[in-house]
>>> print(open('start11.tsv').read())   # TSV, C-alpha atoms
chain	number	residue	atom	x	y	z
J	349	VAL	CA	-1.23	-126.83	-28.87
J	350	GLN	CA	-2.26	-123.36	-29.96
J	351	LEU	CA	0.04	-120.42	-30.55
J	352	GLN	CA	-1.19	-116.85	-30.94
J	353	ALA	CA	1.31	-114.22	-32.08
J	354	SER	CA	0.67	-110.53	-31.52
J	355	GLY	CA	2.43	-107.19	-31.28
J	356	GLY	CA	3.28	-106.47	-34.88
J	357	GLY	CA	2.74	-103.13	-36.52
J	358	LEU	CA	4.22	-100.28	-38.49
J	359	MET	CA	7.42	-98.76	-37.21
J	360	GLN	CA	10.02	-96.34	-38.49
J	361	ALA	CA	13.58	-97.49	-38.97
J	362	GLY	CA	15.48	-97.39	-35.72
J	363	GLY	CA	12.42	-98.07	-33.65
J	364	SER	CA	11.45	-101.01	-31.46
J	365	LEU	CA	8.64	-103.51	-31.26
J	366	LYS	CA	7.90	-106.36	-28.89
J	367	LEU	CA	6.16	-109.45	-30.17
J	368	SER	CA	4.35	-111.88	-27.93
J	369	CYS	CA	3.33	-115.48	-28.50
J	370	ALA	CA	0.62	-116.88	-26.27
J	371	PHE	CA	0.84	-120.65	-25.80
J	372	SER	CA	-1.98	-122.95	-24.73
J	373	GLY	CA	-2.97	-126.59	-24.75
J	374	ARG	CA	0.06	-128.27	-23.20
J	375	THR	CA	2.78	-127.67	-20.63
J	376	PHE	CA	4.62	-124.64	-21.97
J	377	GLY	CA	7.78	-125.44	-20.05
J	378	SER	CA	8.28	-128.61	-22.11
J	379	TYR	CA	8.52	-126.75	-25.41
J	380	THR	CA	11.40	-125.16	-27.23
J	381	MET	CA	10.13	-121.92	-28.77
J	382	ALA	CA	11.30	-120.02	-31.80
J	383	TRP	CA	10.49	-117.07	-34.01
J	384	PHE	CA	10.67	-117.19	-37.79
J	385	ARG	CA	9.84	-114.56	-40.38
J	386	GLN	CA	8.83	-114.50	-44.00
J	387	ALA	CA	9.20	-111.50	-46.26
J	388	PRO	CA	7.25	-111.23	-49.54
J	389	GLY	CA	8.75	-113.47	-52.19
J	390	LYS	CA	11.20	-115.05	-49.77
J	391	GLU	CA	11.38	-118.28	-47.86
J	392	ARG	CA	10.59	-118.45	-44.18
J	393	GLU	CA	13.75	-117.86	-42.20
J	394	PHE	CA	14.85	-118.49	-38.66
J	395	VAL	CA	15.09	-115.49	-36.34
J	396	ALA	CA	15.65	-116.71	-32.79
J	397	SER	CA	15.00	-119.60	-30.44
J	398	ILE	CA	15.00	-120.34	-26.74
J	399	ASN	CA	15.22	-123.58	-24.83
J	400	ARG	CA	12.42	-124.84	-22.66
J	401	ILE	CA	13.61	-123.30	-19.41
J	402	GLY	CA	14.83	-120.06	-20.96
J	403	GLY	CA	18.48	-120.39	-20.09
J	404	SER	CA	19.79	-120.73	-23.64
J	405	THR	CA	19.05	-118.72	-26.75
J	406	TYR	CA	20.14	-118.74	-30.38
J	407	TYR	CA	19.92	-116.02	-33.02
J	408	ALA	CA	20.25	-115.55	-36.72
J	409	ASP	CA	23.28	-113.46	-37.61
J	410	SER	CA	21.03	-110.81	-39.11
J	411	VAL	CA	19.36	-110.04	-35.77
J	412	GLN	CA	22.12	-110.84	-33.29
J	413	GLY	CA	22.60	-107.91	-30.94
J	414	ARG	CA	19.31	-106.24	-31.95
J	415	PHE	CA	16.67	-108.82	-31.05
J	416	THR	CA	16.16	-110.59	-27.75
J	417	ILE	CA	14.04	-113.70	-27.29
J	418	SER	CA	12.71	-114.55	-23.86
J	419	ARG	CA	9.95	-116.56	-22.26
J	420	ASP	CA	7.73	-116.35	-19.23
J	421	ASN	CA	6.85	-119.89	-18.24
J	422	ALA	CA	4.44	-118.63	-15.59
J	423	LYS	CA	2.44	-116.75	-18.23
J	424	ASN	CA	2.88	-119.29	-21.04
J	425	ALA	CA	4.36	-116.70	-23.35
J	426	ALA	CA	7.35	-116.34	-25.63
J	427	LEU	CA	8.54	-112.83	-26.38
J	428	LEU	CA	10.68	-111.17	-29.04
J	429	GLN	CA	12.04	-107.72	-28.31
J	430	MET	CA	13.14	-106.10	-31.56
J	431	ASN	CA	15.34	-103.02	-31.43
J	432	SER	CA	17.08	-100.94	-34.08
J	433	LEU	CA	14.63	-102.09	-36.70
J	434	THR	CA	15.49	-101.70	-40.36
J	435	PRO	CA	13.34	-102.01	-43.50
J	436	GLU	CA	14.98	-105.41	-44.03
J	437	ASP	CA	13.16	-106.63	-40.92
J	438	THR	CA	9.81	-106.18	-42.67
J	439	ALA	CA	8.08	-109.55	-42.72
J	440	VAL	CA	5.35	-111.66	-41.23
J	441	TYR	CA	6.69	-113.01	-37.95
J	442	TYR	CA	5.68	-116.46	-36.77
J	443	CYS	CA	6.18	-118.13	-33.43
J	444	ALA	CA	6.80	-121.85	-33.40
J	445	GLY	CA	7.06	-124.56	-30.78
J	446	GLN	CA	8.43	-128.05	-30.50
J	447	PHE	CA	7.98	-130.53	-27.67
J	448	THR	CA	11.36	-131.18	-26.06
J	449	PRO	CA	10.92	-133.01	-22.76
J	450	PHE	CA	14.62	-133.16	-22.00
J	451	ASP	CA	17.30	-130.51	-21.76
J	452	GLY	CA	19.58	-130.41	-24.76
J	453	ASN	CA	20.52	-128.37	-27.81
J	454	TYR	CA	17.26	-128.62	-29.75
J	455	TYR	CA	16.96	-124.83	-29.58
J	456	ARG	CA	19.91	-124.62	-32.00
J	457	ASN	CA	17.77	-126.06	-34.79
J	458	THR	CA	17.07	-123.35	-37.35
J	459	GLY	CA	14.98	-125.27	-39.86
J	460	ALA	CA	11.28	-124.57	-39.95
J	461	SER	CA	10.60	-128.28	-40.39
J	462	ARG	CA	11.99	-128.93	-36.89
J	463	TYR	CA	9.02	-127.16	-35.29
J	464	ILE	CA	5.60	-128.74	-35.42
J	465	TYR	CA	3.39	-126.05	-33.91
J	466	TRP	CA	2.96	-122.63	-35.48
J	467	GLY	CA	1.10	-119.45	-34.75
J	468	GLN	CA	-0.77	-117.49	-37.39
J	469	GLY	CA	1.83	-114.75	-37.85
J	470	THR	CA	1.92	-111.05	-37.13
J	471	GLN	CA	2.96	-108.42	-39.67
J	472	VAL	CA	5.93	-106.18	-38.93
J	473	THR	CA	6.52	-103.31	-41.34
J	474	VAL	CA	9.51	-101.00	-40.99
J	475	SER	CA	9.58	-97.84	-43.03
J	476	SER	CA	12.76	-95.99	-43.97
>>> encode(input="start11.tsv", output="structure tokens")
Amino acid sequence: VQLQASGGGLMQAGGSLKLSCAFSGRTFGSYTMAWFRQAPGKEREFVASINRIGGSTYYADSVQGRFTISRDNAKNAALLQMNSLTPEDTAVYYCAGQFTPFDGNYYRNTGASRYIYWGQGTQVTVSS
């Protein structure tokens, strides 16, 4: 499995960005997908996740109502729409995937160790 994150950049506070994660190597529809982020000097933290068919999502409190995770199983892509950005959102954003062949609540896992496959990260910088 290979994950390729893209879409990061420099944005002013209050702006929006959309991140994309391209998935290849296996059947995308069998994978729970998630986004994590890591700011300088901080641990990697959970941002959002989505179940394998896209019907259920889960968010960190810090992004609830501002960020939206989605997936396009036809295009093998996971997306993260980020609105109302603040300087506290500045971080490297990583997409992650975990094989989940059956429907369930795996998407509610927020620990980084629960996801085996990771993309390389894309930098998001929000200026005040």
>>> closest_residue(input="start11.tsv", among="J:Gly445, J:Gly363, J:Gly452, J:Gly467", to="Thr375 in chain J", atoms="only C-alpha atoms")
J:Gly445
>>> residues_near_point(input="start11.tsv", point="(20.4, -102.8, -32.6)", cutoff="10 Å", atoms="all atoms listed in the file", output="MDAnalysis selection string")
chainID J and resid 362:364 411:415 430:434
>>> residues_around(input="start11.tsv", residues="Pro435 in chain J", least_positions_apart="5", cutoff="9 Å", atoms="all atoms listed in the file", output="PyMOL selection string")
chain J and resi 360-361+473-476
>>> closest_residue(input="start11.tsv", among="J:Met359, J:Met381, J:Leu365, J:Ala408", to="Tyr442 in chain J", atoms="all atoms listed in the file")
J:Met381
>>> atom_distance(input="start11.tsv", atom1="CA of Tyr463 in chain J", atom2="CA of Gln350 in chain J")
13.0 Å
>>> closest_residue(input="start11.tsv", among="J:Gln468, J:Ser404, J:Ser378, J:Gln386", to="Cys443 in chain J", atoms="only C-alpha atoms")
J:Gln468
>>> atom_distance(input="start11.tsv", atom1="CA of Ala425 in chain J", atom2="CA of Tyr441 in chain J")
15.2 Å
>>> atom_distance(input="start11.tsv", atom1="CA of Gly357 in chain J", atom2="CA of Phe384 in chain J")
16.2 Å
>>> closest_residue(input="start11.tsv", among="J:Gln352, J:Ser368, J:Thr470, J:Thr458", to="Asp409 in chain J", atoms="all atoms listed in the file")
J:Thr458
>>> build_atoms(input="start11.tsv", residues="range 447-468 of chain J", atoms="N, CA, C and O atoms", output="mmCIF file, keeping the file's coordinate frame")
data_model
loop_
_atom_site.group_PDB
_atom_site.id
_atom_site.type_symbol
_atom_site.label_atom_id
_atom_site.label_comp_id
_atom_site.auth_asym_id
_atom_site.auth_seq_id
_atom_site.Cartn_x
_atom_site.Cartn_y
_atom_site.Cartn_z
ATOM 1 N N PHE J 447 7.907 -129.809 -28.922
ATOM 2 C CA PHE J 447 7.980 -130.530 -27.670
ATOM 3 C C PHE J 447 9.383 -131.087 -27.463
ATOM 4 O O PHE J 447 9.896 -131.836 -28.310
ATOM 5 N N THR J 448 10.020 -130.697 -26.385
ATOM 6 C CA THR J 448 11.360 -131.180 -26.060
ATOM 7 C C THR J 448 11.394 -131.476 -24.562
ATOM 8 O O THR J 448 11.717 -130.603 -23.759
ATOM 9 N N PRO J 449 11.063 -132.695 -24.187
ATOM 10 C CA PRO J 449 10.920 -133.010 -22.760
ATOM 11 C C PRO J 449 12.214 -133.057 -21.981
ATOM 12 O O PRO J 449 12.190 -133.059 -20.756
ATOM 13 N N PHE J 450 13.344 -133.082 -22.689
ATOM 14 C CA PHE J 450 14.620 -133.160 -22.000
ATOM 15 C C PHE J 450 15.508 -131.988 -22.378
ATOM 16 O O PHE J 450 15.431 -131.471 -23.494
ATOM 17 N N ASP J 451 16.350 -131.578 -21.469
ATOM 18 C CA ASP J 451 17.300 -130.510 -21.760
ATOM 19 C C ASP J 451 18.265 -130.968 -22.835
ATOM 20 O O ASP J 451 18.652 -132.129 -22.889
ATOM 21 N N GLY J 452 18.654 -130.071 -23.690
ATOM 22 C CA GLY J 452 19.580 -130.410 -24.760
ATOM 23 C C GLY J 452 19.774 -129.200 -25.651
ATOM 24 O O GLY J 452 19.518 -128.067 -25.242
ATOM 25 N N ASN J 453 20.221 -129.457 -26.873
ATOM 26 C CA ASN J 453 20.520 -128.370 -27.810
ATOM 27 C C ASN J 453 19.484 -128.236 -28.914
ATOM 28 O O ASN J 453 19.794 -127.706 -29.983
ATOM 29 N N TYR J 454 18.272 -128.695 -28.689
ATOM 30 C CA TYR J 454 17.260 -128.620 -29.750
ATOM 31 C C TYR J 454 17.029 -127.181 -30.186
ATOM 32 O O TYR J 454 16.730 -126.922 -31.346
ATOM 33 N N TYR J 455 17.206 -126.232 -29.250
ATOM 34 C CA TYR J 455 16.960 -124.830 -29.580
ATOM 35 C C TYR J 455 17.904 -124.326 -30.671
ATOM 36 O O TYR J 455 17.673 -123.272 -31.268
ATOM 37 N N ARG J 456 18.972 -125.049 -30.970
ATOM 38 C CA ARG J 456 19.910 -124.620 -32.000
ATOM 39 C C ARG J 456 19.472 -125.066 -33.396
ATOM 40 O O ARG J 456 20.147 -124.799 -34.382
ATOM 41 N N ASN J 457 18.318 -125.710 -33.483
ATOM 42 C CA ASN J 457 17.770 -126.060 -34.790
ATOM 43 C C ASN J 457 17.165 -124.820 -35.433
ATOM 44 O O ASN J 457 16.319 -124.148 -34.829
ATOM 45 N N THR J 458 17.554 -124.541 -36.667
ATOM 46 C CA THR J 458 17.070 -123.350 -37.350
ATOM 47 C C THR J 458 16.115 -123.654 -38.497
ATOM 48 O O THR J 458 15.599 -122.734 -39.132
ATOM 49 N N GLY J 459 15.883 -124.910 -38.772
ATOM 50 C CA GLY J 459 14.980 -125.270 -39.860
ATOM 51 C C GLY J 459 13.529 -125.220 -39.429
ATOM 52 O O GLY J 459 13.169 -125.709 -38.350
ATOM 53 N N ALA J 460 12.700 -124.670 -40.273
ATOM 54 C CA ALA J 460 11.280 -124.570 -39.950
ATOM 55 C C ALA J 460 10.645 -125.946 -39.757
ATOM 56 O O ALA J 460 9.701 -126.104 -38.973
ATOM 57 N N SER J 461 11.166 -126.944 -40.474
ATOM 58 C CA SER J 461 10.600 -128.280 -40.390
ATOM 59 C C SER J 461 10.828 -128.935 -39.022
ATOM 60 O O SER J 461 10.203 -129.942 -38.697
ATOM 61 N N ARG J 462 11.693 -128.360 -38.211
ATOM 62 C CA ARG J 462 11.990 -128.930 -36.890
ATOM 63 C C ARG J 462 10.992 -128.482 -35.831
ATOM 64 O O ARG J 462 11.094 -128.882 -34.673
ATOM 65 N N TYR J 463 10.033 -127.638 -36.222
ATOM 66 C CA TYR J 463 9.020 -127.160 -35.290
ATOM 67 C C TYR J 463 7.647 -127.549 -35.809
ATOM 68 O O TYR J 463 7.293 -127.237 -36.946
ATOM 69 N N ILE J 464 6.885 -128.210 -34.988
ATOM 70 C CA ILE J 464 5.600 -128.740 -35.420
ATOM 71 C C ILE J 464 4.478 -127.717 -35.287
ATOM 72 O O ILE J 464 3.595 -127.630 -36.139
ATOM 73 N N TYR J 465 4.504 -126.957 -34.203
ATOM 74 C CA TYR J 465 3.390 -126.050 -33.910
ATOM 75 C C TYR J 465 3.732 -124.622 -34.312
ATOM 76 O O TYR J 465 4.818 -124.134 -34.022
ATOM 77 N N TRP J 466 2.749 -123.975 -34.950
ATOM 78 C CA TRP J 466 2.960 -122.630 -35.480
ATOM 79 C C TRP J 466 1.796 -121.725 -35.134
ATOM 80 O O TRP J 466 0.632 -122.151 -35.159
ATOM 81 N N GLY J 467 2.122 -120.472 -34.888
ATOM 82 C CA GLY J 467 1.100 -119.450 -34.750
ATOM 83 C C GLY J 467 0.724 -118.904 -36.119
ATOM 84 O O GLY J 467 1.304 -119.275 -37.142
ATOM 85 N N GLN J 468 -0.213 -117.989 -36.136
ATOM 86 C CA GLN J 468 -0.770 -117.490 -37.390
ATOM 87 C C GLN J 468 0.052 -116.370 -38.008
ATOM 88 O O GLN J 468 -0.178 -116.016 -39.151
#
